[in-house]
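A.B. asks: Contents of start.pdb (PDB, C-alpha atoms) are given next:
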ATOM      1  CA  MET A   1      -6.767  41.792  50.033
ATOM      2  CA  GLY A   2      -8.038  44.763  48.098
ATOM      3  CA  ASP A   3      -9.063  42.804  44.994
ATOM      4  CA  ARG A   4     -11.413  40.360  46.775
ATOM      5  CA  PRO A   5     -14.667  42.016  45.649
ATOM      6  CA  GLU A   6     -13.334  41.943  42.095
ATOM      7  CA  VAL A   7     -12.649  38.204  42.442
ATOM      8  CA  GLY A   8     -16.246  37.729  43.539
ATOM      9  CA  ARG A   9     -17.472  39.561  40.476
ATOM     10  CA  LEU A  10     -15.295  37.457  38.155
ATOM     11  CA  VAL A  11     -16.485  34.213  39.769
ATOM     12  CA  ARG A  12     -20.150  35.164  39.536
ATOM     13  CA  ALA A  13     -19.782  36.341  35.932
ATOM     14  CA  SER A  14     -17.945  33.120  34.971
ATOM     15  CA  ALA A  15     -20.643  31.021  36.629
ATOM     16  CA  GLN A  16     -23.157  32.811  34.425
ATOM     17  CA  GLY A  17     -21.219  31.950  31.295
ATOM     18  CA  ASP A  18     -19.060  35.038  30.801
ATOM     19  CA  GLU A  19     -15.979  33.600  29.115
ATOM     20  CA  ALA A  20     -13.990  36.854  29.294
ATOM     21  CA  ALA A  21     -14.391  36.791  33.086
ATOM     22  CA  TRP A  22     -13.168  33.178  33.164
ATOM     23  CA  ILE A  23     -10.110  34.016  31.072
ATOM     24  CA  GLU A  24      -9.282  36.855  33.463
ATOM     25  CA  LEU A  25      -9.806  34.558  36.453
ATOM     26  CA  VAL A  26      -7.415  31.974  35.007
ATOM     27  CA  ARG A  27      -4.844  34.632  34.127
ATOM     28  CA  ARG A  28      -4.995  36.049  37.609
ATOM     29  CA  PHE A  29      -4.842  32.801  39.570
ATOM     30  CA  THR A  30      -2.601  30.559  37.447
ATOM     31  CA  PRO A  31       0.534  31.856  39.247
ATOM     32  CA  ARG A  32      -0.918  30.758  42.602
ATOM     33  CA  VAL A  33      -1.883  27.327  41.299
ATOM     34  CA  MET A  34       1.570  26.911  39.760
ATOM     35  CA  ALA A  35       3.222  28.011  43.010
ATOM     36  CA  VAL A  36       1.460  25.200  44.892
ATOM     37  CA  ILE A  37       2.395  22.708  42.152
ATOM     38  CA  ARG A  38       6.026  23.803  42.295
ATOM     39  CA  SER A  39       6.040  23.458  46.075
ATOM     40  CA  TYR A  40       5.268  19.763  45.472
ATOM     41  CA  ARG A  41       8.175  19.646  43.019
ATOM     42  CA  LEU A  42       5.949  18.500  40.196
ATOM     43  CA  THR A  43       7.064  19.461  36.703
ATOM     44  CA  GLY A  44       6.326  18.810  33.032
ATOM     45  CA  ALA A  45       3.357  16.581  32.239
ATOM     46  CA  ASP A  46       2.598  15.998  35.940
ATOM     47  CA  ALA A  47       2.327  19.734  36.562
ATOM     48  CA  GLN A  48       0.204  20.171  33.458
ATOM     49  CA  ASP A  49      -2.165  17.358  34.518
ATOM     50  CA  VAL A  50      -2.677  18.843  37.973
ATOM     51  CA  SER A  51      -3.227  22.353  36.666
ATOM     52  CA  GLN A  52      -5.707  21.222  34.040
ATOM     53  CA  THR A  53      -7.605  18.992  36.475
ATOM     54  CA  VAL A  54      -7.931  21.855  38.970
ATOM     55  CA  TRP A  55      -9.327  24.273  36.379
ATOM     56  CA  LEU A  56     -11.646  21.667  34.871
ATOM     57  CA  ARG A  57     -13.046  21.065  38.357
ATOM     58  CA  LEU A  58     -13.425  24.766  39.011
ATOM     59  CA  VAL A  59     -15.557  25.185  35.899
ATOM     60  CA  GLU A  60     -18.073  22.863  37.546
ATOM     61  CA  HIS A  61     -17.747  24.314  41.033
ATOM     62  CA  LEU A  62     -18.186  27.952  40.008
ATOM     63  CA  GLY A  63     -21.905  27.911  40.692
ATOM     64  CA  GLY A  64     -21.431  25.994  43.930
ATOM     65  CA  LEU A  65     -18.941  28.363  45.550
ATOM     66  CA  ARG A  66     -21.095  29.854  48.300
ATOM     67  CA  GLU A  67     -18.668  32.685  48.804
ATOM     68  CA  PRO A  68     -16.920  33.521  45.552
ATOM     69  CA  GLU A  69     -14.351  35.483  47.541
ATOM     70  CA  ALA A  70     -13.205  32.142  48.980
ATOM     71  CA  LEU A  71     -11.866  31.111  45.555
ATOM     72  CA  PRO A  72      -8.162  31.474  46.455
ATOM     73  CA  GLY A  73      -8.655  29.037  49.348
ATOM     74  CA  TRP A  74     -10.592  26.614  47.165
ATOM     75  CA  LEU A  75      -7.857  26.684  44.515
ATOM     76  CA  ARG A  76      -5.106  26.100  47.062
ATOM     77  CA  VAL A  77      -6.831  23.142  48.732
ATOM     78  CA  THR A  78      -7.895  21.559  45.452
ATOM     79  CA  THR A  79      -4.414  21.948  43.965
ATOM     80  CA  GLU A  80      -2.807  20.445  47.068
ATOM     81  CA  HIS A  81      -5.176  17.468  46.919
ATOM     82  CA  GLU A  82      -4.401  16.927  43.244
ATOM     83  CA  CYS A  83      -0.637  17.251  43.767
ATOM     84  CA  ASP A  84      -0.884  14.666  46.483
ATOM     85  CA  ARG A  85      -2.784  12.334  44.177
ATOM     86  CA  GLN A  86      -0.330  12.951  41.372
ATOM     87  CA  ARG A  87       2.515  11.941  43.659
ATOM     88  CA  GLN A  88       0.688   8.766  44.630
ATOM     89  CA  ARG A  89       0.094   8.159  40.950
ATOM     90  CA  GLY A  90       3.839   8.032  40.409
ATOM     91  CA  ARG A  91       3.982   5.220  42.938
ATOM     92  CA  ARG A  92       1.893   2.529  41.362
ATOM     93  CA  THR A  93       0.161   0.067  43.655
ATOM     94  CA  VAL A  94       1.618  -3.401  43.660
ATOM     95  CA  PRO A  95       0.196  -6.271  45.694
ATOM     96  CA  VAL A  96       2.881  -7.804  47.882
ATOM     97  CA  ASP A  97       3.132 -11.213  49.480
ATOM     98  CA  PRO A  98       3.573 -10.408  53.205
ATOM     99  CA  HIS A  99       5.653 -13.554  53.691
ATOM    100  CA  CYS A 100       8.335 -12.906  51.138
ATOM    101  CA  GLY A 101       7.743  -9.214  50.378
ATOM    102  CA  GLU A 102       7.529  -9.881  46.660
ATOM    103  CA  ALA A 103       4.897  -8.518  44.344
ATOM    104  CA  MET A 104       1.956 -10.743  43.590
ATOM    105  CA  ASN A 105      -0.225 -10.662  40.547
ATOM    106  CA  ARG A 106      -3.570 -10.449  42.303
ATOM    107  CA  PRO A 107      -4.891  -8.843  45.468
ATOM    108  CA  SER A 108      -5.428 -11.385  48.261
ATOM    109  CA  THR A 109      -8.751 -11.987  49.982
ATOM    110  CA  GLU A 110      -7.386  -9.949  52.904
ATOM    111  CA  ASP A 111      -6.979  -6.986  50.566
ATOM    112  CA  VAL A 112     -10.540  -7.355  49.431
ATOM    113  CA  GLU A 113     -11.766  -7.597  53.022
ATOM    114  CA  ALA A 114      -9.806  -4.493  53.996
ATOM    115  CA  ALA A 115     -11.438  -2.686  51.089
ATOM    116  CA  ILE A 116     -14.845  -3.842  52.271
ATOM    117  CA  VAL A 117     -14.124  -2.630  55.799
ATOM    118  CA  ARG A 118     -13.201   0.772  54.409
ATOM    119  CA  ALA A 119     -16.290   0.853  52.228
ATOM    120  CA  GLU A 120     -18.494  -0.048  55.215
ATOM    121  CA  LEU A 121     -16.910   2.647  57.338
ATOM    122  CA  ARG A 122     -17.331   5.210  54.574
ATOM    123  CA  GLN A 123     -20.983   4.316  54.251
ATOM    124  CA  ALA A 124     -21.458   4.494  58.047
ATOM    125  CA  LEU A 125     -19.785   7.909  58.108
ATOM    126  CA  ARG A 126     -21.936   9.167  55.264
ATOM    127  CA  ASP A 127     -25.108   7.910  56.953
ATOM    128  CA  GLY A 128     -23.957   9.239  60.333
ATOM    129  CA  LEU A 129     -23.262  12.674  58.855
ATOM    130  CA  ALA A 130     -26.724  12.725  57.323
ATOM    131  CA  GLU A 131     -28.233  12.186  60.784
ATOM    132  CA  LEU A 132     -26.486  15.222  62.228
ATOM    133  CA  PRO A 133     -27.881  18.758  62.187
ATOM    134  CA  GLU A 134     -26.847  20.883  59.200
ATOM    135  CA  ARG A 135     -24.485  22.910  61.408
ATOM    136  CA  ASP A 136     -22.505  19.849  62.543
ATOM    137  CA  GLN A 137     -22.298  18.549  58.981
ATOM    138  CA  ALA A 138     -20.995  21.889  57.765
ATOM    139  CA  LEU A 139     -18.390  22.059  60.527
ATOM    140  CA  LEU A 140     -17.112  18.544  59.903
ATOM    141  CA  ARG A 141     -17.000  19.092  56.162
ATOM    142  CA  ALA A 142     -15.280  22.453  56.534
ATOM    143  CA  TYR A 143     -12.726  20.954  58.878
ATOM    144  CA  ALA A 144     -12.020  18.053  56.546
ATOM    145  CA  LEU A 145     -11.677  20.512  53.635
ATOM    146  CA  ALA A 146      -9.352  22.844  55.479
ATOM    147  CA  GLU A 147      -6.992  20.007  56.312
ATOM    148  CA  PRO A 148      -5.961  18.422  53.028
ATOM    149  CA  TYR A 149      -4.468  15.377  54.680
ATOM    150  CA  LYS A 150      -7.267  14.637  57.072
ATOM    151  CA  ASP A 151     -10.632  13.178  56.335
ATOM    152  CA  ILE A 152     -13.359  12.524  58.822
ATOM    153  CA  THR A 153     -12.100   8.989  59.349
ATOM    154  CA  GLN A 154      -8.808  10.365  60.561
ATOM    155  CA  LEU A 155     -10.588  12.991  62.631
ATOM    156  CA  LEU A 156     -12.381  10.234  64.495
ATOM    157  CA  GLN A 157      -9.094   8.577  65.287
ATOM    158  CA  MET A 158      -7.468  11.750  66.558
ATOM    159  CA  LYS A 159      -6.349  12.091  70.130
ATOM    160  CA  THR A 160      -8.847  13.896  72.328
ATOM    161  CA  GLY A 161      -6.475  16.698  73.181
ATOM    162  CA  SER A 162      -5.716  17.621  69.588
ATOM    163  CA  VAL A 163      -9.157  18.957  68.641
ATOM    164  CA  GLY A 164     -10.988  21.997  69.944
ATOM    165  CA  PRO A 165     -14.060  21.705  72.187
ATOM    166  CA  THR A 166     -16.608  22.576  69.485
ATOM    167  CA  LEU A 167     -15.228  20.026  67.045
ATOM    168  CA  ARG A 168     -14.962  17.500  69.870
ATOM    169  CA  ARG A 169     -18.632  17.791  70.732
ATOM    170  CA  CYS A 170     -19.459  17.592  67.052
ATOM    171  CA  LEU A 171     -17.419  14.410  66.599
ATOM    172  CA  ASP A 172     -19.004  12.997  69.721
ATOM    173  CA  ARG A 173     -22.453  13.542  68.228
ATOM    174  CA  LEU A 174     -21.267  11.826  65.055
ATOM    175  CA  ARG A 175     -20.142   8.827  67.087
ATOM    176  CA  ARG A 176     -23.537   8.633  68.761
ATOM    177  CA  THR A 177     -25.482   8.547  65.488
ATOM    178  CA  GLN A 178     -27.398   5.369  64.756
ATOM    179  CA  ALA A 179     -25.283   4.722  61.688
ATOM    180  CA  LEU A 180     -21.979   4.790  63.519
ATOM    181  CA  ARG A 181     -23.302   2.927  66.567
ATOM    182  CA  ALA A 182     -24.565   0.252  64.212
ATOM    183  CA  TYR A 183     -21.210   0.139  62.450
ATOM    184  CA  LEU A 184     -19.238  -0.077  65.689
ATOM    185  CA  GLY A 185     -21.666  -2.566  67.200
ATOM    186  CA  SER A 186     -21.485  -5.072  64.380
ATOM    187  CA  THR A 187     -18.510  -5.028  62.080
ATOM    188  CA  PRO A 188     -18.168  -8.644  60.986
ATOM    189  CA  ALA A 189     -15.711  -7.826  58.234
ATOM    190  CA  ALA A 190     -13.684  -5.710  60.634
ATOM    191  CA  GLU A 191     -13.606  -8.391  63.330
ATOM    192  CA  LYS A 192     -11.819 -10.696  60.947
ATOM    193  CA  GLN A 193      -8.989  -8.214  60.660
ATOM    194  CA  LYS A 194      -6.381  -8.815  63.292
ATOM    195  CA  GLY A 195      -5.459  -5.320  64.451
ATOM    196  CA  GLY A 196      -3.906  -3.497  61.531
ATOM    197  CA  ASP A 197      -6.748  -2.281  59.448
ATOM    198  CA  ARG A 198      -9.424  -2.082  62.118
ATOM    199  CA  PHE A 199     -10.543   1.494  62.542
ATOM    200  CA  GLU A 200     -10.459   2.480  66.174
ATOM    201  CA  LEU A 201     -13.062   5.095  66.892
ATOM    202  CA  ALA A 202     -11.882   5.865  70.392
ATOM    203  CA  PRO A 203     -14.587   7.317  72.650
ATOM    204  CA  LEU A 204     -14.036  10.836  73.896
ATOM    205  CA  ASP A 205     -13.993  11.128  77.644
TER     206      ASP A 205
ATOM    207  CA  MET B   1       4.125  32.684  33.464
ATOM    208  CA  ASP B   2       3.487  29.484  31.563
ATOM    209  CA  GLU B   3       1.266  30.310  28.603
ATOM    210  CA  ARG B   4       0.609  26.641  27.911
ATOM    211  CA  HIS B   5      -0.987  26.165  31.338
ATOM    212  CA  ILE B   6      -3.055  29.288  30.909
ATOM    213  CA  ARG B   7      -4.351  28.278  27.493
ATOM    214  CA  ALA B   8      -5.309  24.785  28.728
ATOM    215  CA  ALA B   9      -7.063  26.281  31.759
ATOM    216  CA  GLN B  10      -8.932  28.825  29.663
ATOM    217  CA  ALA B  11     -10.061  26.057  27.299
ATOM    218  CA  ALA B  12     -11.598  24.226  30.279
ATOM    219  CA  PHE B  13     -14.485  26.669  30.051
ATOM    220  CA  THR B  14     -15.864  24.784  27.056
ATOM    221  CA  TRP B  15     -16.784  22.026  29.566
ATOM    222  CA  ARG B  16     -19.060  24.337  31.481
ATOM    223  CA  THR B  17     -22.420  22.683  31.845
ATOM    224  CA  VAL B  18     -25.672  24.220  32.976
ATOM    225  CA  ASP B  19     -27.566  20.950  33.202
ATOM    226  CA  ALA B  20     -29.193  21.071  36.626
ATOM    227  CA  ASP B  21     -30.183  17.385  36.498
ATOM    228  CA  LEU B  22     -26.608  16.301  36.145
ATOM    229  CA  GLU B  23     -24.966  14.735  39.182
ATOM    230  CA  ILE B  24     -21.207  14.961  39.715
ATOM    231  CA  LEU B  25     -19.732  11.881  41.387
ATOM    232  CA  GLY B  26     -16.936  12.881  43.748
ATOM    233  CA  LEU B  27     -13.634  11.035  43.786
ATOM    234  CA  GLU B  28     -13.669   9.470  47.199
ATOM    235  CA  THR B  29     -10.670   7.188  47.278
ATOM    236  CA  GLU B  30      -7.876   5.895  45.236
ATOM    237  CA  LEU B  31      -7.673   2.581  46.903
ATOM    238  CA  ALA B  32      -4.338   1.095  47.769
ATOM    239  CA  PRO B  33      -5.486  -2.138  49.400
ATOM    240  CA  ALA B  34      -3.859  -3.272  52.630
ATOM    241  CA  GLY B  35      -0.927  -5.547  51.948
ATOM    242  CA  THR B  36       0.168  -3.648  48.870
ATOM    243  CA  ALA B  37       3.245  -1.587  48.378
ATOM    244  CA  GLN B  38       3.566   1.677  46.499
ATOM    245  CA  VAL B  39       6.294   1.120  43.968
ATOM    246  CA  ARG B  40       7.381   4.009  41.808
ATOM    247  CA  GLY B  41       6.875   3.598  38.125
ATOM    248  CA  SER B  42       6.208  -0.119  38.037
ATOM    249  CA  PRO B  43       4.103  -0.743  34.962
ATOM    250  CA  GLY B  44       1.155  -3.066  34.789
ATOM    251  CA  SER B  45      -0.197  -2.537  38.281
ATOM    252  CA  PRO B  46      -3.836  -1.467  38.393
ATOM    253  CA  ARG B  47      -4.964   1.771  39.989
ATOM    254  CA  MET B  48      -8.327   1.799  41.718
ATOM    255  CA  PHE B  49     -10.746   4.670  42.040
ATOM    256  CA  THR B  50     -14.163   5.048  43.586
ATOM    257  CA  PHE B  51     -16.543   7.877  42.779
ATOM    258  CA  HIS B  52     -19.644   8.480  44.867
ATOM    259  CA  GLY B  53     -22.845  10.366  44.359
ATOM    260  CA  GLU B  54     -26.317  10.375  45.875
ATOM    261  CA  ARG B  55     -27.752   7.913  43.412
ATOM    262  CA  LEU B  56     -24.789   6.250  41.732
ATOM    263  CA  SER B  57     -21.293   5.083  42.593
ATOM    264  CA  VAL B  58     -18.584   3.932  40.227
ATOM    265  CA  ALA B  59     -15.611   1.735  41.065
ATOM    266  CA  LEU B  60     -12.761   1.677  38.535
ATOM    267  CA  GLU B  61      -9.638  -0.310  38.034
ATOM    268  CA  ILE B  62      -7.258   1.133  35.459
ATOM    269  CA  ASP B  63      -4.095  -0.413  34.041
ATOM    270  CA  GLU B  64      -2.354  -0.421  30.691
ATOM    271  CA  ASP B  65      -4.877  -2.919  29.323
ATOM    272  CA  GLY B  66      -7.733  -0.523  29.950
ATOM    273  CA  ILE B  67     -10.488   0.405  32.348
ATOM    274  CA  VAL B  68     -12.695  -2.103  34.128
ATOM    275  CA  GLY B  69     -15.544  -0.638  36.113
ATOM    276  CA  GLN B  70     -18.730  -1.372  37.982
ATOM    277  CA  LEU B  71     -21.731   0.795  38.722
ATOM    278  CA  THR B  72     -23.669   0.656  41.990
ATOM    279  CA  PRO B  73     -26.613   0.156  42.072
ATOM    280  CA  PRO B  74     -26.012  -2.415  39.342
ATOM    281  CA  GLY B  75     -27.714  -2.168  35.986
ATOM    282  CA  PRO B  76     -27.174  -1.114  32.400
ATOM    283  CA  ALA B  77     -25.946   2.346  31.462
ATOM    284  CA  ARG B  78     -24.174   4.049  28.607
ATOM    285  CA  VAL B  79     -20.627   4.823  29.806
ATOM    286  CA  THR B  80     -18.440   7.274  27.884
ATOM    287  CA  LEU B  81     -14.778   8.028  28.534
ATOM    288  CA  LEU B  82     -14.117  11.766  28.240
ATOM    289  CA  THR B  83     -10.930  13.776  28.170
ATOM    290  CA  ALA B  84     -10.462  17.521  27.823
ATOM    291  CA  GLY B  85     -10.251  16.780  24.102
ATOM    292  CA  GLY B  86     -13.717  15.220  23.973
ATOM    293  CA  PRO B  87     -15.221  11.699  24.017
ATOM    294  CA  GLN B  88     -12.628   8.927  23.559
ATOM    295  CA  ALA B  89     -14.673   5.727  23.753
ATOM    296  CA  ALA B  90     -18.094   4.504  24.837
ATOM    297  CA  THR B  91     -19.590   1.237  25.967
ATOM    298  CA  GLU B  92     -22.677  -0.284  27.603
ATOM    299  CA  ALA B  93     -22.591  -1.504  31.200
ATOM    300  CA  ASP B  94     -24.233  -4.934  31.573
ATOM    301  CA  GLU B  95     -27.075  -6.001  33.934
ATOM    302  CA  VAL B  96     -24.725  -6.102  36.908
ATOM    303  CA  GLY B  97     -23.288  -2.699  36.038
ATOM    304  CA  CYS B  98     -19.936  -3.965  34.764
ATOM    305  CA  PHE B  99     -18.181  -2.349  31.826
ATOM    306  CA  SER B 100     -14.768  -2.075  30.237
ATOM    307  CA  LEU B 101     -13.136   0.664  28.196
ATOM    308  CA  PRO B 102      -9.771   1.129  26.490
ATOM    309  CA  PRO B 103      -6.952   2.688  28.546
ATOM    310  CA  PRO B 104      -7.365   6.451  28.971
ATOM    311  CA  PRO B 105      -4.842   8.770  27.295
ATOM    312  CA  PRO B 106      -2.569  10.766  29.645
ATOM    313  CA  GLY B 107      -4.075  13.805  31.340
ATOM    314  CA  PRO B 108      -7.399  14.492  33.029
ATOM    315  CA  MET B 109     -10.254  12.095  32.292
ATOM    316  CA  ARG B 110     -13.779  11.417  33.488
ATOM    317  CA  LEU B 111     -16.659   9.054  32.814
ATOM    318  CA  ASP B 112     -20.076  10.129  31.642
ATOM    319  CA  CYS B 113     -22.730   7.615  32.733
ATOM    320  CA  GLN B 114     -26.164   7.824  31.181
ATOM    321  CA  ARG B 115     -28.820   5.627  32.777
ATOM    322  CA  GLY B 116     -32.305   6.218  31.482
ATOM    323  CA  ALA B 117     -33.026   9.905  31.900
ATOM    324  CA  ASP B 118     -30.292  10.314  34.525
ATOM    325  CA  ARG B 119     -26.818  11.535  33.741
ATOM    326  CA  PHE B 120     -23.808  11.266  36.025
ATOM    327  CA  LEU B 121     -20.306  12.593  35.541
ATOM    328  CA  THR B 122     -17.352  11.506  37.624
ATOM    329  CA  GLU B 123     -15.120  14.268  38.868
ATOM    330  CA  TRP B 124     -12.128  14.987  36.652
ATOM    331  CA  THR B 125      -9.018  13.072  37.592
ATOM    332  CA  SER B 126      -5.839  11.768  36.015
ATOM    333  CA  ALA B 127      -5.311   8.042  35.718
TER     334      ALA B 127
END
Take the structure from the file and write it as structure tokens.
C.D. replies:
Amino acid sequence: MGDRPEVGRLVRASAQGDEAAWIELVRRFTPRVMAVIRSYRLTGADAQDVSQTVWLRLVEHLGGLREPEALPGWLRVTTEHECDRQRQRGRRTVPVDPHCGEAMNRPSTEDVEAAIVRAELRQALRDGLAELPERDQALLRAYALAEPYKDITQLLQMKTGSVGPTLRRCLDRLRRTQALRAYLGSTPAAEKQKGGDRFELAPLD
Amino acid sequence: MDERHIRAAQAAFTWRTVDADLEILGLETELAPAGTAQVRGSPGSPRMFTFHGERLSVALEIDEDGIVGQLTPPGPARVTLLTAGGPQAATEADEVGCFSLPPPPPGPMRLDCQRGADRFLTEWTSA
């Protein structure tokens, strides 16, 4: 697009505190943000919340955007994430008794254990990522960012055939990190789960 | 074009911070524990959030009674609830890092956690 260099200038100026540049940036990109929000069929206060959250976040990410010209992509992904969250927000979480299907007042111990399993996996993934070379980390992060509905957890559970060779090798290295081997080798909380919530990190052949 | 959205977005610039020592805690999950159902619009059910950073994590449970949270690693801190309109409430986390705050108003919110010389802000989100 012809106006990319101009976008870069506006981003850099905003990051340095130029409010006029920020106002121009907002004016220019609000239609795109709103288009994403509309595509999720969010309206009224929901739409307003998403839009405001996205711009509030951008204020803080201005300095961190490595390539200011990538702003349109950043806005789209961030808005999609927020729309998704806003939709979830509409569906409040209610604990349910699995035997009768009725709502319960408190989460069961199984819920708490499932949460612990997820927390342990997250920690293992974070530690595993830290062990990888910068290039692998960047690739995994970029991939997770580009796919709003996938995180690295899901990536690890993907079928071998559905990822490209570079990403495959990268994921393989992640699996072989000490952190993930340790997690997979001893997951006491996970063992207690019968199927269901256990994360399967299938080995690549 | 919706002028209201544009004005709100432009006003976000007042939150620009140049504090290099500040750490932003990323929203990692909104936990819907296993064995729960997502039921549209049912009041009274808590929503759970976790925010993670290099040196501090915050777990939150929010319902109409208010916010209950815990900091990891545990320990005291000054915790302030912020909205785009400014600070709404503040409290002190106890020795195990637990704190409670009144329910957040609608719209984007975040917590500002001050522990000693360190300052942490959770990413903006809507409760």
A.B. asks: Expressed in Å to a single decimal, how great is the separation between CA of Leu125 in chain A and CA of Met109 in chain B?
C.D. replies: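 Going from CA of Leu125 in chain A over to CA of Met109 in chain B covers 27.8 Å.
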A.B. asks: Would you work out the distance separating CA of Arg28 in chain A from CA of Ser126 in chain B, expressed in Å to one decimal?
C.D. replies: 24.3 Å
A.B. asks: One number please: CA of Leu22 in chain B to CA of Phe51 in chain B, in Å, one decimal.
C.D. replies: 14.7 Å
A.B. asks: With 10 Å as the cut-off and all atoms listed in the file counted, what is the closest atom pair between each nearby residue of range 62-116 of chain B and range 8-17 of chain B? Distances in Å to one decimal, ordered by chain and number, as a Markdown table.
C.D. replies:
| residue | atom | partner | partner_atom | distance |
| --- | --- | --- | --- | --- |
| B:Ala84 | CA | B:Ala12 | CA | 7.2 |
| B:Gly85 | CA | B:Ala12 | CA | 9.8 |
| B:Gly86 | CA | B:Trp15 | CA | 9.3 |
A.B. asks: On this structure, the PyMOL selection byres ((chain A and resi 61) around 12) would catch which residues? List them as a ChimeraX atom specification, sorted by chain and number.
C.D. replies: /A:11-12,14-15,54-60,62-68,71,74-75,78 /B:13,15-18,24,26,123-124
A.B. asks: Restricted to C-alpha atoms, what would the selected residues look like written as a CSV table (one decimal), in the coordinates of the input?
C.D. replies:
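Full text of selection_14.csv as output:
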chain,number,residue,atom,x,y,z
A,11,VAL,CA,-16.5,34.2,39.8
A,12,ARG,CA,-20.2,35.2,39.5
A,14,SER,CA,-17.9,33.1,35.0
A,15,ALA,CA,-20.6,31.0,36.6
A,54,VAL,CA,-7.9,21.9,39.0
A,55,TRP,CA,-9.3,24.3,36.4
A,56,LEU,CA,-11.6,21.7,34.9
A,57,ARG,CA,-13.0,21.1,38.4
A,58,LEU,CA,-13.4,24.8,39.0
A,59,VAL,CA,-15.6,25.2,35.9
A,60,GLU,CA,-18.1,22.9,37.5
A,62,LEU,CA,-18.2,28.0,40.0
A,63,GLY,CA,-21.9,27.9,40.7
A,64,GLY,CA,-21.4,26.0,43.9
A,65,LEU,CA,-18.9,28.4,45.6
A,66,ARG,CA,-21.1,29.9,48.3
A,67,GLU,CA,-18.7,32.7,48.8
A,68,PRO,CA,-16.9,33.5,45.6
A,71,LEU,CA,-11.9,31.1,45.6
A,74,TRP,CA,-10.6,26.6,47.2
A,75,LEU,CA,-7.9,26.7,44.5
A,78,THR,CA,-7.9,21.6,45.5
B,13,PHE,CA,-14.5,26.7,30.1
B,15,TRP,CA,-16.8,22.0,29.6
B,16,ARG,CA,-19.1,24.3,31.5
B,17,THR,CA,-22.4,22.7,31.8
B,18,VAL,CA,-25.7,24.2,33.0
B,24,ILE,CA,-21.2,15.0,39.7
B,26,GLY,CA,-16.9,12.9,43.7
B,123,GLU,CA,-15.1,14.3,38.9
B,124,TRP,CA,-12.1,15.0,36.7
A.B. asks: From the list A:Val7, A:Leu129, A:Val36, A:Ala45, which residue is nearest chain B when using all atoms listed in the file?
C.D. replies: A:Ala45
A.B. asks: Can you give me, as an NGL selection string, the residues this file yields under the PyMOL selection byres ((chain B and resi 81) around 10)?
C.D. replies: :B and (67 or 79-80 or 82-83 or 86-91 or 101-104 or 109-113)
A.B. asks: Suppose a student applies the PyMOL selection byres ((chain A and resi 124) around 10) to this structure; what residues should they get, written as a list in words?
C.D. replies: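 What the PyMOL selection byres ((chain A and resi 124) around 10) grabs from the file is Arg118, Ala119, Glu120, Leu121, Arg122, Gln123, Leu125, Arg126, Asp127, Gly128, Leu129, Ala130, Thr177, Gln178, Ala179, Leu180, Arg181, Ala182, Tyr183 and Leu184 of chain A.
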A.B. asks: Which residue gives the smallest distance to chain A among B:Gly116, B:Gly75, B:Gly107, B:Gly69, with all atoms listed in the file counted?
C.D. replies: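 For chain A, the nearest of the candidates is B:Gly107.
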A.B. asks: Write range 93-103 of chain B as a compact mmCIF listing (two decimals), keeping the file's coordinate frame, completed to N, CA and C atoms.
C.D. replies:
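And here is the file that came out, rebuild.txt:
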# COMPACT_ATOMS: atom_id res chain seq x y z
N ALA B 93 -22.74 -0.68 30.00
CA ALA B 93 -22.59 -1.50 31.20
C ALA B 93 -23.65 -2.60 31.14
N ASP B 94 -23.29 -3.81 31.64
CA ASP B 94 -24.23 -4.93 31.57
C ASP B 94 -25.23 -4.91 32.74
N GLU B 95 -26.00 -5.99 32.92
CA GLU B 95 -27.08 -6.00 33.93
C GLU B 95 -26.53 -5.84 35.35
N VAL B 96 -25.28 -6.28 35.56
CA VAL B 96 -24.72 -6.10 36.91
C VAL B 96 -23.88 -4.83 37.01
N GLY B 97 -23.96 -4.00 35.99
CA GLY B 97 -23.29 -2.70 36.04
C GLY B 97 -21.82 -2.73 35.65
N CYS B 98 -21.36 -3.86 35.12
CA CYS B 98 -19.94 -3.96 34.76
C CYS B 98 -19.69 -3.46 33.34
N PHE B 99 -18.54 -2.84 33.17
CA PHE B 99 -18.18 -2.35 31.83
C PHE B 99 -16.67 -2.32 31.69
N SER B 100 -16.20 -2.26 30.46
CA SER B 100 -14.77 -2.08 30.24
C SER B 100 -14.57 -1.09 29.10
N LEU B 101 -13.46 -0.37 29.18
CA LEU B 101 -13.14 0.66 28.20
C LEU B 101 -11.64 0.59 27.91
N PRO B 102 -11.21 1.12 26.78
CA PRO B 102 -9.77 1.13 26.49
C PRO B 102 -9.02 2.03 27.48
N PRO B 103 -7.70 1.86 27.59
CA PRO B 103 -6.95 2.69 28.55
C PRO B 103 -7.09 4.17 28.21
